[in-house]
Every structure is written in C-alpha cells, then in structure tokens.
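K.L.:
Got a file for you: protein_34.cif, mmCIF, N, CA and C atoms.
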```
data_coords
loop_
_atom_site.label_atom_id
_atom_site.label_comp_id
_atom_site.auth_asym_id
_atom_site.auth_seq_id
_atom_site.Cartn_x
_atom_site.Cartn_y
_atom_site.Cartn_z
N MET A 121 2.68 48.40 66.17
CA MET A 121 2.64 48.52 67.61
C MET A 121 3.23 47.25 68.22
N ALA A 122 4.24 47.39 69.05
CA ALA A 122 4.88 46.23 69.68
C ALA A 122 3.91 45.57 70.64
N GLY A 123 3.95 44.24 70.69
CA GLY A 123 3.11 43.52 71.61
C GLY A 123 1.66 43.42 71.21
N ARG A 124 1.33 43.86 70.04
CA ARG A 124 -0.04 43.83 69.57
C ARG A 124 -0.46 42.39 69.29
N GLY A 125 -1.63 42.00 69.81
CA GLY A 125 -2.15 40.66 69.54
C GLY A 125 -2.69 40.57 68.13
N ILE A 126 -2.41 39.47 67.46
CA ILE A 126 -2.95 39.25 66.12
C ILE A 126 -3.61 37.89 66.07
N TYR A 127 -4.55 37.76 65.16
CA TYR A 127 -5.22 36.47 64.98
C TYR A 127 -4.48 35.69 63.92
N THR A 128 -4.10 34.48 64.26
CA THR A 128 -3.50 33.58 63.29
C THR A 128 -4.29 32.29 63.29
N GLY A 129 -4.37 31.68 62.14
CA GLY A 129 -5.07 30.42 62.03
C GLY A 129 -6.35 30.53 61.23
N THR A 130 -7.10 29.46 61.25
CA THR A 130 -8.38 29.41 60.55
C THR A 130 -9.39 28.69 61.44
N ALA A 131 -10.64 28.93 61.17
CA ALA A 131 -11.70 28.24 61.90
C ALA A 131 -12.97 28.26 61.06
N LEU A 132 -13.71 27.20 61.11
CA LEU A 132 -15.01 27.11 60.46
C LEU A 132 -16.05 27.02 61.57
N GLN A 133 -16.91 28.02 61.65
CA GLN A 133 -17.88 28.11 62.74
C GLN A 133 -19.30 28.00 62.19
N LEU A 134 -20.14 27.32 62.92
CA LEU A 134 -21.55 27.18 62.56
C LEU A 134 -22.29 28.49 62.81
N VAL A 135 -23.15 28.87 61.88
CA VAL A 135 -24.03 30.04 62.04
C VAL A 135 -25.43 29.47 62.22
N ASP A 136 -26.08 29.81 63.34
CA ASP A 136 -27.40 29.24 63.59
C ASP A 136 -28.51 30.03 62.89
N ASP A 137 -29.74 29.59 63.05
CA ASP A 137 -30.88 30.20 62.38
C ASP A 137 -31.15 31.65 62.83
N LYS A 138 -30.59 32.04 63.97
CA LYS A 138 -30.76 33.41 64.46
C LYS A 138 -29.56 34.29 64.12
N SER A 139 -28.71 33.82 63.19
CA SER A 139 -27.51 34.54 62.73
C SER A 139 -26.43 34.65 63.80
N ARG A 140 -26.46 33.76 64.78
CA ARG A 140 -25.43 33.77 65.81
C ARG A 140 -24.26 32.90 65.38
N VAL A 141 -23.07 33.40 65.68
CA VAL A 141 -21.83 32.66 65.39
C VAL A 141 -20.86 32.94 66.52
N SER A 142 -20.00 32.00 66.81
CA SER A 142 -18.98 32.21 67.85
C SER A 142 -17.66 32.59 67.20
N ILE A 143 -17.13 33.72 67.62
CA ILE A 143 -15.82 34.15 67.16
C ILE A 143 -14.80 33.20 67.76
N PRO A 144 -13.87 32.67 66.96
CA PRO A 144 -12.87 31.73 67.49
C PRO A 144 -12.09 32.34 68.67
N ALA A 145 -11.72 31.49 69.61
CA ALA A 145 -11.05 31.95 70.84
C ALA A 145 -9.80 32.77 70.56
N LYS A 146 -8.96 32.33 69.60
CA LYS A 146 -7.74 33.08 69.32
C LYS A 146 -8.05 34.46 68.76
N PHE A 147 -9.12 34.60 67.99
CA PHE A 147 -9.51 35.90 67.46
C PHE A 147 -10.05 36.77 68.61
N ARG A 148 -10.89 36.18 69.48
CA ARG A 148 -11.39 36.91 70.65
C ARG A 148 -10.25 37.43 71.51
N ASP A 149 -9.26 36.56 71.73
CA ASP A 149 -8.12 36.95 72.56
C ASP A 149 -7.39 38.15 71.97
N ALA A 150 -7.20 38.16 70.65
CA ALA A 150 -6.52 39.28 69.99
C ALA A 150 -7.35 40.56 70.10
N ILE A 151 -8.65 40.43 69.90
CA ILE A 151 -9.53 41.61 70.00
C ILE A 151 -9.46 42.21 71.40
N ILE A 152 -9.55 41.37 72.41
CA ILE A 152 -9.52 41.84 73.79
C ILE A 152 -8.16 42.43 74.14
N ALA A 153 -7.06 41.78 73.70
CA ALA A 153 -5.72 42.28 73.98
C ALA A 153 -5.49 43.66 73.39
N ASN A 154 -6.14 43.96 72.28
CA ASN A 154 -5.94 45.23 71.58
C ASN A 154 -6.98 46.28 71.93
N SER A 155 -7.82 45.98 72.90
CA SER A 155 -8.89 46.91 73.28
C SER A 155 -8.52 47.69 74.53
N ASP A 156 -9.03 48.88 74.62
CA ASP A 156 -8.87 49.73 75.79
C ASP A 156 -9.65 49.11 76.95
N PRO A 157 -8.99 48.87 78.08
CA PRO A 157 -9.70 48.27 79.22
C PRO A 157 -10.96 49.03 79.63
N GLU A 158 -10.94 50.35 79.49
CA GLU A 158 -12.13 51.14 79.82
C GLU A 158 -13.30 50.79 78.89
N THR A 159 -13.00 50.60 77.62
CA THR A 159 -14.03 50.24 76.65
C THR A 159 -14.60 48.86 76.96
N LEU A 160 -13.73 47.95 77.39
CA LEU A 160 -14.16 46.58 77.68
C LEU A 160 -15.15 46.51 78.84
N LYS A 161 -15.18 47.53 79.68
CA LYS A 161 -16.13 47.53 80.79
C LYS A 161 -17.57 47.49 80.28
N GLY A 162 -17.79 48.03 79.09
CA GLY A 162 -19.11 47.99 78.48
C GLY A 162 -19.37 46.71 77.71
N GLY A 163 -18.38 45.80 77.69
CA GLY A 163 -18.49 44.55 76.96
C GLY A 163 -17.58 44.55 75.75
N ALA A 164 -17.09 43.39 75.39
CA ALA A 164 -16.18 43.26 74.25
C ALA A 164 -16.94 43.46 72.94
N THR A 165 -16.29 44.13 71.99
CA THR A 165 -16.90 44.37 70.69
C THR A 165 -15.89 44.10 69.58
N VAL A 166 -16.42 43.90 68.40
CA VAL A 166 -15.62 43.76 67.18
C VAL A 166 -16.30 44.58 66.10
N ARG A 167 -15.51 45.21 65.27
CA ARG A 167 -16.05 45.98 64.14
C ARG A 167 -16.04 45.06 62.93
N ILE A 168 -17.22 44.82 62.37
CA ILE A 168 -17.35 43.98 61.18
C ILE A 168 -17.61 44.89 59.98
N ASN A 169 -16.77 44.76 58.98
CA ASN A 169 -16.90 45.55 57.75
C ASN A 169 -16.94 44.64 56.54
N VAL A 170 -17.56 45.13 55.50
CA VAL A 170 -17.50 44.46 54.21
C VAL A 170 -16.12 44.72 53.63
N HIS A 171 -15.46 43.69 53.13
CA HIS A 171 -14.14 43.86 52.53
C HIS A 171 -14.25 44.76 51.30
N HIS A 172 -13.27 45.62 51.10
CA HIS A 172 -13.35 46.59 50.01
C HIS A 172 -13.20 45.98 48.63
N LYS A 173 -12.66 44.74 48.52
CA LYS A 173 -12.48 44.10 47.22
C LYS A 173 -13.26 42.79 47.07
N TYR A 174 -13.32 42.02 48.12
CA TYR A 174 -13.84 40.66 48.02
C TYR A 174 -15.20 40.52 48.71
N ASN A 175 -15.93 39.50 48.34
CA ASN A 175 -17.23 39.22 48.96
C ASN A 175 -17.03 38.47 50.27
N CYS A 176 -16.44 39.18 51.21
CA CYS A 176 -16.24 38.60 52.53
C CYS A 176 -16.28 39.74 53.55
N LEU A 177 -16.20 39.37 54.80
CA LEU A 177 -16.21 40.36 55.87
C LEU A 177 -14.83 40.43 56.51
N VAL A 178 -14.56 41.55 57.14
CA VAL A 178 -13.31 41.76 57.85
C VAL A 178 -13.67 42.19 59.27
N GLY A 179 -12.97 41.65 60.24
CA GLY A 179 -13.20 42.02 61.63
C GLY A 179 -12.02 42.80 62.18
N TYR A 180 -12.31 43.92 62.81
CA TYR A 180 -11.28 44.78 63.39
C TYR A 180 -11.47 44.91 64.89
N ASP A 181 -10.36 44.90 65.62
CA ASP A 181 -10.44 45.29 67.02
C ASP A 181 -10.50 46.81 67.06
N GLN A 182 -10.74 47.36 68.22
CA GLN A 182 -10.92 48.80 68.38
C GLN A 182 -9.71 49.58 67.86
N ALA A 183 -8.50 49.19 68.24
CA ALA A 183 -7.30 49.92 67.84
C ALA A 183 -7.11 49.87 66.32
N ARG A 184 -7.32 48.72 65.73
CA ARG A 184 -7.14 48.60 64.27
C ARG A 184 -8.18 49.42 63.52
N PHE A 185 -9.42 49.44 64.00
CA PHE A 185 -10.44 50.24 63.34
C PHE A 185 -10.07 51.72 63.40
N GLU A 186 -9.56 52.16 64.53
CA GLU A 186 -9.13 53.56 64.63
C GLU A 186 -8.00 53.86 63.66
N GLU A 187 -7.05 52.92 63.52
CA GLU A 187 -5.95 53.09 62.55
C GLU A 187 -6.49 53.18 61.13
N GLU A 188 -7.42 52.31 60.80
CA GLU A 188 -8.01 52.31 59.45
C GLU A 188 -8.78 53.61 59.20
N SER A 189 -9.47 54.10 60.21
CA SER A 189 -10.20 55.36 60.07
C SER A 189 -9.25 56.53 59.83
N GLU A 190 -8.16 56.57 60.57
CA GLU A 190 -7.17 57.62 60.37
C GLU A 190 -6.56 57.56 58.97
N ARG A 191 -6.25 56.35 58.52
CA ARG A 191 -5.68 56.16 57.17
C ARG A 191 -6.67 56.62 56.10
N ALA A 192 -7.93 56.27 56.26
CA ALA A 192 -8.95 56.67 55.28
C ALA A 192 -9.16 58.18 55.28
N THR A 193 -9.10 58.79 56.45
CA THR A 193 -9.25 60.25 56.54
C THR A 193 -8.07 60.94 55.86
N LYS A 194 -6.88 60.44 56.10
CA LYS A 194 -5.68 61.01 55.46
C LYS A 194 -5.77 60.86 53.94
N ALA A 195 -6.18 59.69 53.46
CA ALA A 195 -6.32 59.47 52.02
C ALA A 195 -7.36 60.41 51.43
N ALA A 196 -8.46 60.63 52.15
CA ALA A 196 -9.51 61.52 51.67
C ALA A 196 -8.98 62.93 51.48
N ASN A 197 -8.16 63.38 52.41
CA ASN A 197 -7.62 64.73 52.34
C ASN A 197 -6.52 64.89 51.29
N GLU A 198 -5.90 63.78 50.93
CA GLU A 198 -4.83 63.83 49.91
C GLU A 198 -5.38 63.73 48.48
N ARG A 199 -6.55 63.14 48.33
CA ARG A 199 -7.15 62.98 47.00
C ARG A 199 -8.41 63.80 46.91
N LEU A 200 -8.49 64.58 45.89
CA LEU A 200 -9.67 65.41 45.70
C LEU A 200 -10.55 64.82 44.60
N ASP A 201 -11.86 64.99 44.76
CA ASP A 201 -12.78 64.53 43.72
C ASP A 201 -12.89 65.59 42.63
N GLU A 202 -13.79 65.35 41.69
CA GLU A 202 -13.94 66.26 40.54
C GLU A 202 -14.37 67.67 40.94
N ASN A 203 -14.91 67.84 42.14
CA ASN A 203 -15.33 69.16 42.61
C ASN A 203 -14.28 69.83 43.49
N GLY A 204 -13.14 69.16 43.69
CA GLY A 204 -12.10 69.71 44.54
C GLY A 204 -12.30 69.40 46.01
N ASP A 205 -13.30 68.58 46.32
CA ASP A 205 -13.56 68.18 47.70
C ASP A 205 -12.77 66.91 48.03
N PRO A 206 -12.47 66.69 49.32
CA PRO A 206 -11.78 65.45 49.69
C PRO A 206 -12.56 64.23 49.20
N ASP A 207 -11.85 63.28 48.63
CA ASP A 207 -12.46 62.03 48.16
C ASP A 207 -12.59 61.09 49.36
N ASP A 208 -13.75 61.11 49.98
CA ASP A 208 -13.93 60.33 51.20
C ASP A 208 -14.60 58.97 50.96
N SER A 209 -14.43 58.43 49.76
CA SER A 209 -15.08 57.15 49.45
C SER A 209 -14.57 56.03 50.35
N GLN A 210 -13.27 56.00 50.66
CA GLN A 210 -12.75 54.96 51.55
C GLN A 210 -13.32 55.11 52.96
N LEU A 211 -13.39 56.33 53.41
CA LEU A 211 -13.92 56.60 54.74
C LEU A 211 -15.40 56.22 54.82
N ARG A 212 -16.17 56.53 53.78
CA ARG A 212 -17.59 56.15 53.75
C ARG A 212 -17.74 54.64 53.77
N ARG A 213 -16.92 53.95 52.98
CA ARG A 213 -17.00 52.49 52.92
C ARG A 213 -16.66 51.88 54.28
N LEU A 214 -15.67 52.45 54.95
CA LEU A 214 -15.25 51.94 56.25
C LEU A 214 -16.31 52.19 57.31
N SER A 215 -16.85 53.39 57.33
CA SER A 215 -17.82 53.72 58.37
C SER A 215 -19.23 53.24 58.02
N GLY A 216 -19.63 53.37 56.78
CA GLY A 216 -20.98 52.98 56.38
C GLY A 216 -21.13 51.51 56.09
N GLY A 217 -20.03 50.83 55.78
CA GLY A 217 -20.09 49.41 55.43
C GLY A 217 -19.89 48.49 56.60
N GLY A 218 -19.94 49.03 57.80
CA GLY A 218 -19.65 48.20 58.95
C GLY A 218 -20.56 48.44 60.13
N GLU A 219 -20.44 47.54 61.06
CA GLU A 219 -21.20 47.60 62.32
C GLU A 219 -20.27 47.16 63.44
N THR A 220 -20.41 47.80 64.58
CA THR A 220 -19.71 47.34 65.78
C THR A 220 -20.68 46.46 66.53
N ILE A 221 -20.27 45.23 66.76
CA ILE A 221 -21.16 44.27 67.43
C ILE A 221 -20.48 43.73 68.69
N GLY A 222 -21.28 43.47 69.69
CA GLY A 222 -20.78 42.91 70.93
C GLY A 222 -20.74 41.39 70.87
N PHE A 223 -19.90 40.83 71.72
CA PHE A 223 -19.88 39.37 71.85
C PHE A 223 -19.69 39.00 73.31
N ASP A 224 -20.21 37.82 73.64
CA ASP A 224 -20.14 37.37 75.04
C ASP A 224 -18.84 36.62 75.31
N SER A 225 -18.71 36.05 76.50
CA SER A 225 -17.47 35.38 76.90
C SER A 225 -17.15 34.15 76.06
N THR A 226 -18.13 33.59 75.38
CA THR A 226 -17.88 32.45 74.49
C THR A 226 -17.65 32.91 73.06
N GLY A 227 -17.69 34.22 72.85
CA GLY A 227 -17.47 34.77 71.51
C GLY A 227 -18.72 34.85 70.67
N ARG A 228 -19.84 34.47 71.23
CA ARG A 228 -21.08 34.46 70.45
C ARG A 228 -21.54 35.89 70.15
N CYS A 229 -21.82 36.12 68.88
CA CYS A 229 -22.32 37.42 68.43
C CYS A 229 -23.37 37.17 67.36
N VAL A 230 -24.06 38.20 66.98
CA VAL A 230 -25.10 38.10 65.95
C VAL A 230 -24.63 38.88 64.72
N LEU A 231 -24.56 38.20 63.60
CA LEU A 231 -24.19 38.85 62.35
C LEU A 231 -25.37 39.65 61.80
N VAL A 232 -25.09 40.83 61.31
CA VAL A 232 -26.11 41.66 60.68
C VAL A 232 -26.53 40.97 59.37
N GLY A 233 -27.84 40.95 59.11
CA GLY A 233 -28.37 40.25 57.95
C GLY A 233 -27.74 40.65 56.63
N TRP A 234 -27.58 41.96 56.40
CA TRP A 234 -27.01 42.36 55.11
C TRP A 234 -25.54 41.99 55.02
N HIS A 235 -24.83 41.89 56.14
CA HIS A 235 -23.45 41.40 56.11
C HIS A 235 -23.43 39.93 55.66
N ARG A 236 -24.34 39.15 56.20
CA ARG A 236 -24.41 37.74 55.81
C ARG A 236 -24.66 37.60 54.31
N ARG A 237 -25.59 38.41 53.80
CA ARG A 237 -25.91 38.33 52.37
C ARG A 237 -24.73 38.78 51.51
N LYS A 238 -24.08 39.85 51.88
CA LYS A 238 -22.96 40.39 51.11
C LYS A 238 -21.81 39.38 51.04
N ALA A 239 -21.55 38.70 52.14
CA ALA A 239 -20.46 37.73 52.20
C ALA A 239 -20.90 36.32 51.84
N ASN A 240 -22.18 36.16 51.49
CA ASN A 240 -22.72 34.85 51.11
C ASN A 240 -22.52 33.81 52.22
N ILE A 241 -22.81 34.21 53.46
CA ILE A 241 -22.68 33.31 54.60
C ILE A 241 -24.03 32.66 54.84
N ALA A 242 -24.03 31.34 54.84
CA ALA A 242 -25.27 30.61 55.08
C ALA A 242 -25.16 29.86 56.41
N LYS A 243 -24.70 28.62 56.37
CA LYS A 243 -24.64 27.78 57.57
C LYS A 243 -23.31 27.86 58.32
N HIS A 244 -22.27 28.32 57.64
CA HIS A 244 -20.94 28.36 58.25
C HIS A 244 -20.24 29.69 57.95
N ALA A 245 -19.41 30.11 58.89
CA ALA A 245 -18.54 31.28 58.68
C ALA A 245 -17.11 30.80 58.80
N PHE A 246 -16.30 31.14 57.81
CA PHE A 246 -14.90 30.75 57.80
C PHE A 246 -14.07 31.94 58.27
N PHE A 247 -13.30 31.76 59.32
CA PHE A 247 -12.44 32.81 59.86
C PHE A 247 -11.02 32.53 59.39
N TYR A 248 -10.42 33.55 58.79
CA TYR A 248 -9.08 33.41 58.22
C TYR A 248 -8.25 34.60 58.57
#
```
Would you write out, as structure tokens, the structure that this file holds?
P.N.:
Amino acid sequence: MAGRGIYTGTALQLVDDKSRVSIPAKFRDAIIANSDPETLKGGATVRINVHHKYNCLVGYDQARFEEESERATKAANERLDENGDPDDSQLRRLSGGGETIGFDSTGRCVLVGWHRRKANIAKHAFFY
C-alpha cells in the first residue's frame, strides 16, 4: 500500500510493576497513520500477537492485522488437514494468540500477563 506508515528503529522501554509499557512514538505514529479514522474515535489500539516462530511478540496496526487475517484464511482454504478440512492452524494462532489493546496519547498500554511470560519480558521491552 503506497504511503503506508512503517515503524523503523529500535527502542528499549521500561515495563512497570503493573505491566504498563509505552509504545515508542515512531511505532505509535505508524499505527495511527494506518488506522481507520472512524476506528480511532474509540481510541488507538494495537494488536499484539505471539510470534509464530520466536519467543517474542509482534505488534500490528489495524490494516496489517486485517491483511494477516486474510492471508491466513486463504492459506487455510488452500491446505487441507488429514480430514479434508481447511487447515486453519495459522488463523487460530493469529486470532487466538493475540489481543487488541488500547493505548493512550503517550503510548502507554498494559501487556497481557501471558504475553509477557511467553516473550520472557520482565523489566524492559525491546521494540524492533
């Protein structure tokens, strides 16, 4: 998509005792740029998923999550399991392995506890 905002760079952010972390400004800007203005009226959100290969988390803006969902649905319909049913393992991982979380104007959001454990996040979150 032309003109799509992307996050570039790295940041190390402190995670407090209540699992709050601030999403880096450049990442927030990309999320907001790629979000439907109507959706933003309810507050900015990011989709946090467990990475399918690595012990880390992945953050998606609304448009990218929809693209990933469409791709996983297409893959499910192209691959059949042993019973001849669509292999929806990617779609389950994408939808079941994630949470949509809101963040405020400073980017502060609360990480889900099991996400923190899966990605081994303790005092700091590294954004890449």
K.L.:
Translate the PyMOL selection byres ((chain A and resi 175) around 6.5), as applied to the file shown, into an explicit residue set as number ranges by chain.
P.N.:
A: 171, 173-174, 176-177, 238-240
K.L.:
Work out how far CA of Ser155 (chain A) is from CA of Thr193 (chain A), in Å to one decimal.
P.N.:
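Calculated distance between CA of Thr193 (chain A) and CA of Ser155 (chain A) is 21.4 Å.
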K.L.:
Given 6 Å of margin on each side, can you work out the centre and size in Å (one decimal) of an axis-aligned box holding every listed atom of region 171-182 of chain A, as lines of an AutoDock Vina configuration file?
P.N.:
```
center_x = -13.5
center_y = 44.0
center_z = 57.7
size_x = 19.5
size_y = 23.1
size_z = 33.3
```
K.L.:
Report the residues of region 123-242 of chain A whose backbone DSSP state falls under strand (DSSP E), written as a PyMOL selection string.
P.N.:
chain A and resi 131-134+140-142+165-170+177-180+218-222+228-230
K.L.:
Determine, counting all atoms listed in the file, which protein, DNA and RNA residues have an atom within 8 Å of an atom of Ala242 (chain A); residues of the same chain fewer than 6 positions away are not included. Present the result as a list in words.
P.N.:
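Residues near the query, excluding close chain neighbours: Leu134, Val135, Asp136 and Arg236 of chain A.
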K.L.:
In terms of the shortest atom-to-atom distance over all atoms listed in the file, which of A:Asn169, A:Lys194, A:Val230, A:Asp156 is closest to Ser215 (chain A)?
P.N.:
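Between A:Asn169, A:Lys194, A:Val230, A:Asp156, the residue approaching Ser215 (chain A) most closely is A:Asn169.
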K.L.:
Any idea what's packed within 7 Å of Gly125 (chain A), counting only C-alpha atoms, ignoring anything in its chain fewer than 5 positions away? Could you give it as number ranges by chain?
P.N.:
A: 150, 153-154
K.L.:
Please complete region 226-237 of chain A so it has all heavy atoms, and hand it over as a short mmCIF file (atom, residue, chain, number, x, y, z; two decimals), in the frame of the given file.
P.N.:
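Output contents, as saved in out39.cif:
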```cif
data_model
loop_
_atom_site.label_atom_id
_atom_site.label_comp_id
_atom_site.auth_asym_id
_atom_site.auth_seq_id
_atom_site.Cartn_x
_atom_site.Cartn_y
_atom_site.Cartn_z
N THR A 226 -18.13 33.59 75.38
CA THR A 226 -17.88 32.45 74.49
C THR A 226 -17.65 32.91 73.06
O THR A 226 -17.48 32.08 72.16
CB THR A 226 -19.06 31.45 74.51
OG1 THR A 226 -20.22 32.08 73.94
CG2 THR A 226 -19.36 30.98 75.92
N GLY A 227 -17.69 34.22 72.85
CA GLY A 227 -17.47 34.77 71.51
C GLY A 227 -18.72 34.85 70.67
O GLY A 227 -18.67 35.26 69.51
N ARG A 228 -19.84 34.47 71.23
CA ARG A 228 -21.08 34.46 70.45
C ARG A 228 -21.54 35.89 70.15
O ARG A 228 -21.61 36.73 71.03
CB ARG A 228 -22.17 33.69 71.16
CG ARG A 228 -23.37 33.43 70.26
CD ARG A 228 -24.33 32.48 70.87
NE ARG A 228 -24.88 33.08 72.09
CZ ARG A 228 -25.82 32.52 72.82
NH1 ARG A 228 -26.31 31.35 72.48
NH2 ARG A 228 -26.27 33.11 73.89
N CYS A 229 -21.82 36.12 68.88
CA CYS A 229 -22.32 37.42 68.43
C CYS A 229 -23.37 37.17 67.36
O CYS A 229 -23.55 36.03 66.90
CB CYS A 229 -21.18 38.28 67.87
SG CYS A 229 -20.39 37.61 66.39
N VAL A 230 -24.06 38.20 66.98
CA VAL A 230 -25.10 38.10 65.95
C VAL A 230 -24.63 38.88 64.72
O VAL A 230 -24.33 40.08 64.82
CB VAL A 230 -26.45 38.65 66.45
CG1 VAL A 230 -27.50 38.58 65.35
CG2 VAL A 230 -26.91 37.89 67.68
N LEU A 231 -24.56 38.20 63.60
CA LEU A 231 -24.19 38.85 62.35
C LEU A 231 -25.37 39.65 61.80
O LEU A 231 -26.51 39.18 61.83
CB LEU A 231 -23.78 37.82 61.30
CG LEU A 231 -22.48 37.07 61.56
CD1 LEU A 231 -22.29 35.98 60.50
CD2 LEU A 231 -21.30 38.03 61.56
N VAL A 232 -25.09 40.83 61.31
CA VAL A 232 -26.11 41.66 60.68
C VAL A 232 -26.53 40.97 59.37
O VAL A 232 -25.69 40.47 58.63
CB VAL A 232 -25.54 43.06 60.39
CG1 VAL A 232 -26.55 43.93 59.69
CG2 VAL A 232 -25.08 43.71 61.68
N GLY A 233 -27.84 40.95 59.11
CA GLY A 233 -28.37 40.25 57.95
C GLY A 233 -27.74 40.65 56.63
O GLY A 233 -27.39 39.80 55.81
N TRP A 234 -27.58 41.96 56.40
CA TRP A 234 -27.01 42.36 55.11
C TRP A 234 -25.54 41.99 55.02
O TRP A 234 -25.04 41.75 53.93
CB TRP A 234 -27.25 43.85 54.83
CG TRP A 234 -26.55 44.82 55.72
CD1 TRP A 234 -26.99 45.31 56.91
CD2 TRP A 234 -25.30 45.45 55.47
NE1 TRP A 234 -26.07 46.20 57.43
CE2 TRP A 234 -25.03 46.31 56.55
CE3 TRP A 234 -24.38 45.37 54.43
CZ2 TRP A 234 -23.87 47.07 56.63
CZ3 TRP A 234 -23.23 46.14 54.52
CH2 TRP A 234 -22.99 46.97 55.60
N HIS A 235 -24.83 41.89 56.14
CA HIS A 235 -23.45 41.40 56.11
C HIS A 235 -23.43 39.93 55.66
O HIS A 235 -22.59 39.55 54.85
CB HIS A 235 -22.80 41.50 57.49
CG HIS A 235 -22.19 42.83 57.76
ND1 HIS A 235 -21.97 43.28 59.04
CD2 HIS A 235 -21.73 43.80 56.94
CE1 HIS A 235 -21.40 44.47 58.99
NE2 HIS A 235 -21.26 44.81 57.73
N ARG A 236 -24.34 39.15 56.20
CA ARG A 236 -24.41 37.74 55.81
C ARG A 236 -24.66 37.60 54.31
O ARG A 236 -24.04 36.79 53.65
CB ARG A 236 -25.53 37.01 56.56
CG ARG A 236 -25.15 36.61 57.94
CD ARG A 236 -26.19 35.74 58.58
NE ARG A 236 -26.21 34.41 58.00
CZ ARG A 236 -27.02 33.45 58.39
NH1 ARG A 236 -27.89 33.67 59.37
NH2 ARG A 236 -26.99 32.27 57.83
N ARG A 237 -25.59 38.41 53.80
CA ARG A 237 -25.91 38.33 52.37
C ARG A 237 -24.73 38.78 51.51
O ARG A 237 -24.39 38.13 50.52
CB ARG A 237 -27.14 39.16 52.05
CG ARG A 237 -28.43 38.54 52.58
CD ARG A 237 -29.67 39.27 52.11
NE ARG A 237 -29.72 40.65 52.55
CZ ARG A 237 -30.15 41.05 53.76
NH1 ARG A 237 -30.55 40.15 54.65
NH2 ARG A 237 -30.17 42.33 54.07
#
```
